[in-house]
$ cat protein_8.tsv   # TSV, C-alpha atoms
chain	number	residue	atom	x	y	z
A	1	MET	CA	-175.33	-28.79	-199.84
A	2	THR	CA	-173.51	-29.59	-203.05
A	3	ASP	CA	-174.23	-27.33	-205.94
A	4	HIS	CA	-176.02	-29.87	-208.12
A	5	GLN	CA	-178.86	-30.47	-205.73
A	6	ILE	CA	-182.25	-28.83	-205.77
A	7	PRO	CA	-182.67	-26.73	-202.64
A	8	ALA	CA	-185.21	-28.28	-200.34
A	9	GLN	CA	-188.16	-25.95	-200.30
A	10	ASP	CA	-188.28	-25.82	-196.54
A	11	GLY	CA	-184.71	-24.54	-196.58
A	12	ARG	CA	-183.22	-27.78	-195.23
A	13	GLU	CA	-180.70	-30.04	-196.91
A	14	PRO	CA	-182.11	-32.19	-199.70
A	15	ASP	CA	-182.78	-35.85	-199.01
A	16	ARG	CA	-179.74	-38.04	-198.87
A	17	PRO	CA	-179.47	-41.47	-200.41
A	18	THR	CA	-180.46	-44.26	-198.10
A	19	ALA	CA	-177.95	-46.85	-197.04
A	20	PRO	CA	-177.48	-49.69	-199.50
A	21	GLY	CA	-180.06	-52.38	-199.06
A	22	THR	CA	-182.56	-50.26	-197.19
A	23	GLU	CA	-186.06	-49.26	-198.21
A	24	THR	CA	-185.82	-49.95	-201.92
A	25	THR	CA	-183.83	-52.41	-203.90
A	26	PRO	CA	-184.57	-51.56	-207.51
A	27	ILE	CA	-184.85	-54.51	-209.84
A	28	PRO	CA	-183.39	-54.03	-213.31
A	29	PRO	CA	-186.24	-53.59	-215.77
A	30	ALA	CA	-186.83	-56.27	-218.33
A	31	PRO	CA	-185.64	-55.40	-221.84
A	32	GLY	CA	-188.23	-53.29	-223.58
A	33	ALA	CA	-190.19	-52.73	-220.42
A	34	GLU	CA	-188.91	-49.29	-219.65
A	35	THR	CA	-192.10	-47.97	-218.22
A	36	THR	CA	-194.25	-51.01	-217.62
A	37	PRO	CA	-195.70	-51.15	-214.13
A	38	VAL	CA	-194.39	-54.20	-212.33
A	39	ARG	CA	-196.93	-56.60	-210.94
A	40	PRO	CA	-196.22	-58.22	-207.59
A	41	ALA	CA	-194.31	-61.45	-207.70
A	42	PRO	CA	-196.10	-64.50	-206.31
A	43	GLY	CA	-195.20	-64.92	-202.72
A	44	ALA	CA	-193.84	-61.42	-202.33
A	45	GLU	CA	-193.43	-60.51	-198.68
A	46	THR	CA	-195.28	-57.22	-198.84
A	47	THR	CA	-198.90	-56.78	-199.80
A	48	LEU	CA	-198.75	-55.08	-203.16
A	49	VAL	CA	-201.85	-53.50	-204.57
A	50	PRO	CA	-201.46	-53.45	-208.33
A	51	SER	CA	-205.07	-52.57	-208.99
A	52	THR	CA	-207.65	-51.90	-206.39
A	53	LEU	CA	-210.81	-50.03	-205.64
A	54	GLY	CA	-213.14	-52.96	-205.61
A	55	THR	CA	-212.98	-54.11	-209.19
A	56	ALA	CA	-213.36	-57.70	-210.26
A	57	THR	CA	-209.61	-58.10	-210.59
A	58	THR	CA	-208.82	-56.71	-207.19
A	59	PRO	CA	-206.70	-59.13	-205.25
A	60	VAL	CA	-206.58	-57.03	-202.11
A	61	PRO	CA	-208.75	-54.08	-201.10
A	62	PRO	CA	-206.82	-50.89	-200.42
A	63	VAL	CA	-205.84	-50.53	-196.82
A	64	PRO	CA	-203.60	-47.91	-195.28
A	65	GLY	CA	-200.00	-48.97	-195.49
A	66	ALA	CA	-200.44	-51.29	-198.46
A	67	GLU	CA	-197.82	-50.85	-201.15
A	68	ILE	CA	-198.76	-50.17	-204.74
A	69	ALA	CA	-197.01	-51.70	-207.73
A	70	PRO	CA	-193.86	-49.74	-208.56
A	71	VAL	CA	-193.39	-48.00	-211.88
A	72	ARG	CA	-189.95	-47.92	-213.44
A	73	ALA	CA	-188.54	-45.71	-216.15
A	74	ALA	CA	-185.20	-44.53	-217.46
A	75	PRO	CA	-185.93	-41.41	-219.51
A	76	ASP	CA	-183.02	-40.86	-221.87
A	77	ALA	CA	-181.88	-37.79	-223.78
A	78	ILE	CA	-184.18	-38.63	-226.69
A	79	ARG	CA	-187.20	-38.78	-224.42
A	80	LEU	CA	-186.25	-35.47	-222.84
A	81	LEU	CA	-185.93	-33.85	-226.26
A	82	ARG	CA	-189.30	-35.23	-227.34
A	83	PHE	CA	-190.97	-34.22	-224.10
A	84	GLY	CA	-189.48	-30.75	-224.26
A	85	ALA	CA	-190.67	-30.36	-227.82
A	86	VAL	CA	-194.28	-31.34	-227.18
A	87	THR	CA	-194.51	-29.14	-224.09
A	88	ARG	CA	-192.60	-26.28	-225.78
A	89	ASN	CA	-190.01	-26.31	-223.03
A	90	ALA	CA	-186.72	-24.93	-224.35
A	91	HIS	CA	-184.98	-24.54	-220.98
A	92	ARG	CA	-181.34	-25.34	-221.68
A	93	ILE	CA	-180.79	-27.26	-218.45
A	94	HIS	CA	-182.65	-30.14	-220.11
A	95	TYR	CA	-180.39	-30.60	-223.16
A	96	ASP	CA	-177.30	-28.37	-223.00
A	97	ALA	CA	-174.71	-30.05	-220.77
A	98	GLU	CA	-172.29	-27.14	-220.74
A	99	PHE	CA	-175.01	-24.69	-219.85
A	100	ALA	CA	-176.42	-26.99	-217.19
A	101	ARG	CA	-173.00	-27.05	-215.51
A	102	THR	CA	-172.93	-23.26	-215.42
A	103	GLU	CA	-176.14	-23.51	-213.40
A	104	GLY	CA	-174.44	-25.77	-210.86
A	105	LEU	CA	-175.87	-29.01	-212.20
A	106	ASP	CA	-173.88	-32.10	-213.15
A	107	GLY	CA	-175.50	-32.10	-216.58
A	108	PRO	CA	-178.92	-32.00	-218.21
A	109	VAL	CA	-181.81	-32.87	-215.93
A	110	VAL	CA	-185.22	-34.47	-216.33
A	111	MET	CA	-188.14	-32.04	-216.52
A	112	ALA	CA	-190.31	-31.62	-213.44
A	113	GLN	CA	-193.40	-32.33	-215.53
A	114	LEU	CA	-191.92	-35.63	-216.71
A	115	HIS	CA	-191.36	-36.63	-213.10
A	116	GLY	CA	-195.00	-35.74	-212.56
A	117	CYS	CA	-196.03	-37.98	-215.44
A	118	LEU	CA	-194.24	-40.94	-213.83
A	119	LEU	CA	-196.02	-40.35	-210.55
A	120	HIS	CA	-199.29	-40.04	-212.44
A	121	ARG	CA	-198.57	-43.34	-214.18
A	122	ALA	CA	-198.10	-45.07	-210.85
A	123	ALA	CA	-201.41	-43.70	-209.59
A	124	THR	CA	-203.12	-44.67	-212.85
A	125	ALA	CA	-201.81	-48.22	-212.59
A	126	PHE	CA	-203.25	-48.37	-209.09
A	127	ALA	CA	-206.58	-47.27	-210.59
A	128	ASP	CA	-206.70	-50.23	-212.99
A	129	GLY	CA	-205.25	-48.13	-215.80
A	130	ASP	CA	-207.91	-45.40	-215.71
A	131	PRO	CA	-206.03	-42.09	-216.09
A	132	ALA	CA	-209.14	-40.06	-215.30
A	133	ALA	CA	-209.51	-41.75	-211.91
A	134	VAL	CA	-206.55	-39.73	-210.65
A	135	ARG	CA	-208.28	-36.67	-209.25
A	136	ALA	CA	-205.28	-34.97	-207.72
A	137	LEU	CA	-201.52	-35.27	-207.89
A	138	GLY	CA	-198.86	-33.31	-206.09
A	139	TRP	CA	-195.12	-33.57	-205.87
A	140	GLN	CA	-192.02	-31.72	-204.77
A	141	ASN	CA	-188.80	-32.02	-206.68
A	142	ARG	CA	-186.08	-32.96	-204.19
A	143	ALA	CA	-183.07	-33.87	-206.34
A	144	PRO	CA	-182.38	-33.86	-210.07
A	145	ALA	CA	-182.36	-36.92	-212.30
A	146	ARG	CA	-180.13	-37.06	-215.35
A	147	PRO	CA	-180.89	-38.58	-218.74
A	148	GLY	CA	-180.59	-42.34	-218.54
A	149	ASP	CA	-180.98	-42.51	-214.77
A	150	ARG	CA	-183.14	-45.41	-213.71
A	151	LEU	CA	-186.10	-44.18	-211.70
A	152	VAL	CA	-188.61	-46.10	-209.67
A	153	VAL	CA	-191.85	-44.72	-208.31
A	154	THR	CA	-193.14	-46.51	-205.25
A	155	GLY	CA	-196.15	-45.76	-203.14
A	156	THR	CA	-198.31	-46.74	-200.25
A	157	VAL	CA	-201.93	-46.22	-199.39
A	158	ARG	CA	-202.11	-43.37	-196.90
A	159	ALA	CA	-205.86	-43.30	-196.36
A	160	VAL	CA	-209.17	-44.52	-197.70
A	161	ASP	CA	-212.15	-42.18	-197.42
A	162	ASP	CA	-215.02	-44.27	-196.14
A	163	ALA	CA	-217.59	-41.82	-197.45
A	164	THR	CA	-216.31	-41.27	-200.99
A	165	GLY	CA	-214.14	-44.31	-201.54
A	166	GLU	CA	-211.28	-42.06	-202.61
A	167	VAL	CA	-207.83	-43.41	-201.87
A	168	THR	CA	-204.91	-41.16	-201.02
A	169	LEU	CA	-201.50	-42.50	-201.99
A	170	ASP	CA	-198.10	-41.38	-200.78
A	171	LEU	CA	-195.66	-41.54	-203.68
A	172	GLU	CA	-191.90	-41.39	-203.92
A	173	GLU	CA	-189.54	-41.44	-206.87
A	174	ARG	CA	-185.97	-42.60	-206.31
A	175	LEU	CA	-182.79	-43.15	-208.24
A	176	ASP	CA	-181.02	-46.52	-208.16
A	177	ASP	CA	-178.76	-45.27	-205.37
A	178	GLY	CA	-181.75	-44.39	-203.21
A	179	THR	CA	-181.67	-40.64	-203.77
A	180	VAL	CA	-185.19	-39.25	-203.54
A	181	CYS	CA	-185.99	-37.22	-206.65
A	182	CYS	CA	-189.63	-36.51	-205.83
A	183	ARG	CA	-192.05	-36.92	-203.00
A	184	GLY	CA	-195.72	-36.60	-203.66
A	185	HIS	CA	-199.22	-37.86	-203.26
A	186	ALA	CA	-202.22	-38.72	-205.38
A	187	VAL	CA	-205.94	-38.96	-204.80
A	188	VAL	CA	-207.62	-41.73	-206.76
A	189	ALA	CA	-211.37	-41.96	-207.20
A	190	PRO	CA	-213.27	-45.24	-206.97
A	191	PRO	CA	-214.67	-46.68	-210.20
A	192	SER	CA	-217.88	-45.01	-211.28
B	1	MET	CA	-171.42	-13.99	-206.24
B	2	GLU	CA	-172.43	-10.44	-205.34
B	3	ALA	CA	-174.05	-10.07	-208.75
B	4	VAL	CA	-176.11	-13.19	-208.15
B	5	ALA	CA	-177.15	-11.94	-204.73
B	6	ALA	CA	-178.19	-8.61	-206.21
B	7	ALA	CA	-180.15	-10.35	-208.96
B	8	VAL	CA	-181.96	-12.56	-206.45
B	9	ASP	CA	-182.71	-9.50	-204.33
B	10	LEU	CA	-184.13	-7.69	-207.34
B	11	ALA	CA	-186.15	-10.72	-208.38
B	12	GLU	CA	-187.63	-10.87	-204.88
B	13	GLN	CA	-188.48	-7.17	-204.95
B	14	ARG	CA	-190.13	-7.47	-208.34
B	15	ALA	CA	-191.97	-10.65	-207.48
B	16	ARG	CA	-193.42	-9.19	-204.29
B	17	ALA	CA	-194.82	-6.33	-206.35
B	18	LEU	CA	-196.56	-8.85	-208.61
B	19	ILE	CA	-198.34	-10.81	-205.86
B	20	GLY	CA	-202.03	-11.00	-206.57
B	21	ARG	CA	-201.87	-9.82	-210.18
B	22	VAL	CA	-203.93	-12.03	-212.48
B	23	GLU	CA	-202.40	-12.91	-215.84
B	24	ARG	CA	-204.10	-14.77	-218.67
B	25	ARG	CA	-202.76	-16.78	-221.57
B	26	SER	CA	-204.36	-18.94	-224.22
B	27	LEU	CA	-202.97	-22.42	-224.77
B	28	GLY	CA	-205.06	-22.81	-227.90
B	29	VAL	CA	-207.28	-25.72	-228.84
B	30	VAL	CA	-206.53	-29.20	-227.55
B	31	ARG	CA	-205.95	-31.65	-230.40
B	32	ALA	CA	-206.23	-35.39	-229.82
B	33	ALA	CA	-203.20	-36.13	-231.99
B	34	GLU	CA	-201.04	-33.67	-230.04
B	35	ALA	CA	-202.23	-35.04	-226.70
B	36	ALA	CA	-201.35	-38.54	-227.92
B	37	GLU	CA	-197.93	-37.30	-229.01
B	38	PHE	CA	-197.40	-35.89	-225.53
B	39	ALA	CA	-198.32	-39.24	-224.01
B	40	ARG	CA	-195.91	-41.13	-226.27
B	41	ALA	CA	-193.15	-38.62	-225.50
B	42	ALA	CA	-193.76	-39.21	-221.80
B	43	GLY	CA	-193.28	-42.94	-222.34
B	44	GLU	CA	-196.88	-44.04	-222.03
B	45	THR	CA	-197.95	-47.24	-223.76
B	46	SER	CA	-201.65	-47.42	-222.91
B	47	PRO	CA	-203.85	-47.12	-226.03
B	48	ARG	CA	-206.18	-45.00	-223.92
B	49	LEU	CA	-203.49	-42.31	-223.90
B	50	ILE	CA	-201.58	-42.77	-227.15
B	51	ASP	CA	-204.23	-43.83	-229.69
B	52	PRO	CA	-206.88	-41.22	-230.53
B	53	ASP	CA	-208.83	-43.94	-232.35
B	54	ASP	CA	-209.07	-46.11	-229.25
B	55	ALA	CA	-212.62	-46.26	-227.90
B	56	GLY	CA	-211.40	-45.29	-224.44
B	57	PHE	CA	-209.04	-42.53	-225.55
B	58	VAL	CA	-208.64	-39.66	-223.11
B	59	VAL	CA	-206.41	-36.61	-223.20
B	60	HIS	CA	-203.52	-37.37	-220.85
B	61	PRO	CA	-204.44	-35.49	-217.67
B	62	MET	CA	-200.88	-34.17	-217.42
B	63	TYR	CA	-200.86	-32.81	-220.98
B	64	VAL	CA	-202.38	-29.37	-220.59
B	65	VAL	CA	-200.84	-28.70	-217.19
B	66	SER	CA	-197.38	-29.52	-218.61
B	67	LEU	CA	-197.63	-27.17	-221.57
B	68	LEU	CA	-195.50	-24.07	-221.26
B	69	ARG	CA	-197.02	-22.58	-224.39
B	70	GLY	CA	-199.69	-23.48	-226.91
B	71	ALA	CA	-199.34	-23.36	-230.65
B	72	PRO	CA	-197.84	-21.53	-232.44
B	73	GLY	CA	-195.16	-21.24	-229.78
B	74	ALA	CA	-193.22	-18.07	-229.11
B	75	ASP	CA	-191.13	-15.50	-230.95
B	76	ASP	CA	-187.39	-15.18	-230.40
B	77	GLU	CA	-187.72	-12.15	-228.17
B	78	GLU	CA	-189.90	-14.07	-225.71
B	79	PHE	CA	-187.00	-16.24	-224.52
B	80	ARG	CA	-184.39	-15.68	-221.84
B	81	PRO	CA	-180.76	-16.66	-222.58
B	82	ASP	CA	-181.35	-19.84	-220.58
B	83	GLY	CA	-184.15	-20.89	-222.92
B	84	MET	CA	-186.97	-20.20	-220.51
B	85	TYR	CA	-189.78	-17.82	-221.42
B	86	ARG	CA	-189.17	-14.35	-220.09
B	87	ASP	CA	-192.52	-14.30	-218.30
B	88	GLU	CA	-192.55	-17.91	-217.07
B	89	VAL	CA	-191.18	-17.16	-213.61
B	90	PRO	CA	-192.58	-13.88	-212.27
B	91	GLY	CA	-190.06	-11.15	-211.54
B	92	THR	CA	-187.07	-12.75	-213.26
B	93	ASP	CA	-187.21	-11.21	-216.73
B	94	GLY	CA	-183.77	-9.96	-217.72
B	95	LEU	CA	-182.05	-11.17	-214.55
B	96	ASP	CA	-179.11	-13.59	-214.53
B	97	VAL	CA	-180.63	-16.03	-212.07
B	98	ALA	CA	-180.99	-19.80	-212.22
B	99	LEU	CA	-184.54	-21.10	-212.47
B	100	MET	CA	-185.83	-24.51	-211.46
B	101	ALA	CA	-189.25	-26.03	-211.09
B	102	GLY	CA	-190.03	-26.99	-207.53
B	103	GLY	CA	-193.10	-29.14	-208.08
B	104	GLN	CA	-196.80	-28.92	-208.62
B	105	ASP	CA	-200.10	-29.75	-206.99
B	106	VAL	CA	-202.73	-30.54	-209.60
B	107	ARG	CA	-206.45	-30.95	-208.91
B	108	TRP	CA	-208.55	-32.12	-211.82
B	109	ILE	CA	-212.13	-30.92	-211.77
B	110	ALA	CA	-213.19	-32.23	-215.17
B	111	ASP	CA	-211.52	-34.01	-218.05
B	112	VAL	CA	-209.84	-31.94	-220.74
B	113	GLN	CA	-211.32	-32.95	-224.07
B	114	PRO	CA	-210.22	-32.58	-227.68
B	115	GLY	CA	-211.60	-29.32	-229.00
B	116	ASP	CA	-211.34	-27.49	-225.69
B	117	ARG	CA	-209.88	-24.01	-226.11
B	118	ILE	CA	-207.81	-23.66	-222.97
B	119	GLU	CA	-207.12	-20.44	-221.14
B	120	VAL	CA	-204.71	-20.27	-218.23
B	121	ARG	CA	-205.14	-17.77	-215.45
B	122	ARG	CA	-202.11	-17.31	-213.26
B	123	THR	CA	-201.58	-15.47	-210.00
B	124	LEU	CA	-198.38	-15.24	-207.98
B	125	THR	CA	-199.49	-15.86	-204.42
B	126	ALA	CA	-196.34	-16.16	-202.32
B	127	VAL	CA	-192.69	-15.14	-202.35
B	128	GLU	CA	-190.46	-16.72	-199.72
B	129	ARG	CA	-186.74	-16.40	-199.05
B	130	LYS	CA	-185.22	-19.74	-198.06
B	131	GLY	CA	-181.83	-21.14	-197.13
B	132	ARG	CA	-178.70	-19.57	-195.70
B	133	GLY	CA	-176.84	-16.53	-197.00
B	134	THR	CA	-178.29	-15.32	-200.26
B	135	GLY	CA	-180.34	-18.49	-200.25
B	136	PHE	CA	-183.01	-18.79	-202.86
B	137	LEU	CA	-186.51	-17.63	-203.63
B	138	LEU	CA	-189.46	-19.97	-203.56
B	139	LEU	CA	-192.29	-18.56	-205.65
B	140	THR	CA	-195.77	-20.05	-205.46
B	141	VAL	CA	-198.13	-19.56	-208.37
B	142	GLU	CA	-201.79	-20.54	-208.52
B	143	LYS	CA	-203.16	-21.41	-211.95
B	144	THR	CA	-206.49	-22.43	-213.35
B	145	TYR	CA	-206.96	-24.12	-216.71
B	146	GLY	CA	-210.37	-23.91	-218.29
B	147	THR	CA	-212.57	-22.95	-221.19
B	148	ALA	CA	-215.21	-20.27	-221.63
B	149	GLU	CA	-217.84	-22.96	-222.17
B	150	ARG	CA	-216.90	-25.56	-219.54
B	151	GLY	CA	-215.37	-23.44	-216.81
B	152	VAL	CA	-212.36	-24.46	-214.75
B	153	LEU	CA	-211.08	-27.93	-215.62
B	154	ALA	CA	-207.95	-28.06	-213.49
B	155	GLU	CA	-206.34	-26.09	-210.69
B	156	VAL	CA	-202.59	-26.06	-210.22
B	157	THR	CA	-200.30	-24.79	-207.51
B	158	GLU	CA	-196.82	-24.51	-208.97
B	159	ARG	CA	-193.56	-23.68	-207.24
B	160	PHE	CA	-190.43	-22.18	-208.76
B	161	ILE	CA	-186.97	-21.90	-207.28
B	162	VAL	CA	-184.93	-18.82	-208.14
B	163	ARG	CA	-181.27	-18.76	-207.12

$ encode --input "protein_8.tsv" --output "structure tokens"
Amino acid sequence: MTDHQIPAQDGREPDRPTAPGTETTPIPPAPGAETTPVRPAPGAETTLVPSTLGTATTPVPPVPGAEIAPVRAAPDAIRLLRFGAVTRNAHRIHYDAEFARTEGLDGPVVMAQLHGCLLHRAATAFADGDPAAVRALGWQNRAPARPGDRLVVTGTVRAVDDATGEVTLDLEERLDDGTVCCRGHAVVAPPS
Amino acid sequence: MEAVAAAVDLAEQRARALIGRVERRSLGVVRAAEAAEFARAAGETSPRLIDPDDAGFVVHPMYVVSLLRGAPGADDEEFRPDGMYRDEVPGTDGLDVALMAGGQDVRWIADVQPGDRIEVRRTLTAVERKGRGTGFLLLTVEKTYGTAERGVLAEVTERFIVR
């Protein structure tokens, strides 16, 4: 384990980057679209579920295994400073490069809560943009992201509760090189 | 290295003594403008999250559970040298250990609304030693966020890494 990685909470080595070309091939975001959820391209091979849950705009009902639209972001140092300010988070590993290195990091790192916000955004996009439809969200931090790193949150439908209509999503946030920063899940309620 | 190991050992000893103790803290009153500022800082663009005048405006569900403190913030003596609050990670006050967030599990029971006066109740529920050698501590904290009038609005399980 190199010293800049977050210890895996089960005591094992953190996730390693996947081989080039496997699993995810991040697409550079369009200018000015730092955090805009990407809609599926016409003719895409996989069944993407950009918005679901039986609304009028639903192209495909949620089924286990279906992929959700990815969310991309590249939080920079300015965003980290703003986010730290509004959450009153003064931990130096988020803005003080020299200090971060004394803690075994390569430099400042993105806040765990900001990672959580990106996962929440992906789940919200799945819920037709209704933030309140996300009833639960969980994630584990697996590896740090640095300011300016391009992140993509992907997800798949794990299960659909026949009784309640709630959809459970498996979520993953990766760096461009495939390194897994977060693994998590969300529970999304059907429209009321 | 030995100093770090001793500090981690002491943090573990202290943390185990704190298991089950309930702590309370006020996060103050939720303001729509501040929730919108949070959403913009997080990179959101939806008017529902960033415009308090939007008909569908809601407090970003991640806002309250991401706050480390409410207004008016903290005094100088409440901070560790690393910038964290001395009481943020149980058992680590005054110890030269590295702290990292390990993740959260959030369950929303009801929407947080502008005007809610939020109180956090926190209980350290587990202390685990992980890894090889000195390894690291994994602390698990259970939190509830709520108001006196509306009850519990969100439940959070939060994990911290101490090394």

$ atom_distance --input "protein_8.tsv" --atom1 "atom CA of Arg48 of chain B" --atom2 "atom CA of Asp105 of chain B"
23.6 Å

$ residues_around --input "protein_8.tsv" --residues "Thr168 of chain A" --least-positions-apart "2" --cutoff "9 Å" --atoms "all atoms listed in the file" --output "ChimeraX atom specification"
/A:64,156-161,166,170,185-189

$ closest_atom_pairs --input "protein_8.tsv" --of "chain A" --to "chain B" --cutoff "7 Å" --atoms "all atoms listed in the file" --output "tab-separated table"
residue	atom	partner	partner_atom	distance
A:Gln9	CA	B:Leu138	CA	6.9
A:Asp10	CA	B:Lys130	CA	7.0
A:Gly11	CA	B:Gly131	CA	4.5
A:Thr35	CA	B:Gly43	CA	6.6
A:Arg79	CA	B:Ala41	CA	6.0
A:Arg82	CA	B:Ala41	CA	5.4
A:Phe83	CA	B:Ala41	CA	5.1
A:Val86	CA	B:Phe38	CA	5.8
A:Thr87	CA	B:Leu67	CA	4.5
A:Arg88	CA	B:Leu68	CA	5.8
A:Asn89	CA	B:Leu68	CA	6.2
A:Ala90	CA	B:Gly83	CA	5.0
A:His91	CA	B:Gly83	CA	4.2
A:Arg92	CA	B:Gly83	CA	5.4
A:Glu103	CA	B:Ala98	CA	6.2
A:Ala112	CA	B:Ala101	CA	6.2
A:Gln113	CA	B:Ser66	CA	5.8
A:Leu114	CA	B:Ala42	CA	6.5
A:Cys117	CA	B:Met62	CA	6.5
A:Pro131	CA	B:Pro61	CA	7.0
A:Ala132	CA	B:Pro61	CA	7.0
A:Arg135	CA	B:Trp108	CA	5.2
A:Ala136	CA	B:Arg107	CA	4.4
A:Leu137	CA	B:Val106	CA	5.2
A:Gly138	CA	B:Asp105	CA	3.9
A:Trp139	CA	B:Gly103	CA	5.3
A:Gln140	CA	B:Gly103	CA	4.3
A:Asn141	CA	B:Gly102	CA	5.2

$ closest_residue --input "protein_8.tsv" --among "B:Ala3, B:Ala32, B:Leu153, B:Val22" --to "Arg121 of chain B" --atoms "all atoms listed in the file"
B:Val22

$ residues_around --input "protein_8.tsv" --residues "segment 7-10 of chain B" --least-positions-apart "2" --cutoff "7 Å" --atoms "all atoms listed in the file" --output "mmCIF file with C-alpha atoms, in the frame of the given file"
data_model
loop_
_atom_site.group_PDB
_atom_site.id
_atom_site.type_symbol
_atom_site.label_atom_id
_atom_site.label_comp_id
_atom_site.auth_asym_id
_atom_site.auth_seq_id
_atom_site.Cartn_x
_atom_site.Cartn_y
_atom_site.Cartn_z
ATOM 1 C CA ALA B 3 -174.050 -10.070 -208.750
ATOM 2 C CA VAL B 4 -176.110 -13.190 -208.150
ATOM 3 C CA ALA B 5 -177.150 -11.940 -204.730
ATOM 4 C CA GLU B 12 -187.630 -10.870 -204.880
ATOM 5 C CA GLN B 13 -188.480 -7.170 -204.950
ATOM 6 C CA ARG B 14 -190.130 -7.470 -208.340
ATOM 7 C CA LEU B 95 -182.050 -11.170 -214.550
ATOM 8 C CA ASP B 96 -179.110 -13.590 -214.530
ATOM 9 C CA VAL B 97 -180.630 -16.030 -212.070
ATOM 10 C CA ARG B 163 -181.270 -18.760 -207.120
#

$ closest_residue --input "protein_8.tsv" --among "B:Val141, B:Ala55, B:Ala6, B:Ala33" --to "Ala126 of chain B" --atoms "only C-alpha atoms"
B:Val141

$ atom_distance --input "protein_8.tsv" --atom1 "atom CA of Arg21 of chain B" --atom2 "atom CA of Arg86 of chain B"
16.7 Å

$ closest_residue --input "protein_8.tsv" --among "A:Ala125, A:Asp149, A:Ser192, A:Gly165" --to "Gly178 of chain A" --atoms "all atoms listed in the file"
A:Asp149

$ atom_distance --input "protein_8.tsv" --atom1 "atom CA of Ala11 of chain B" --atom2 "atom CA of Pro90 of chain B"
8.2 Å

$ residues_near_point --input "protein_8.tsv" --point "(-180.8, -30.9, -216.8)" --cutoff "10 Å" --atoms "only C-alpha atoms" --output "ChimeraX atom specification"
/A:4,77,80,91-97,99-101,103,105-111,144-147 /B:100

$ closest_residue --input "protein_8.tsv" --among "B:Pro114, B:Val152, B:Thr134, B:Asp51" --to "Arg31 of chain B" --atoms "all atoms listed in the file"
B:Pro114
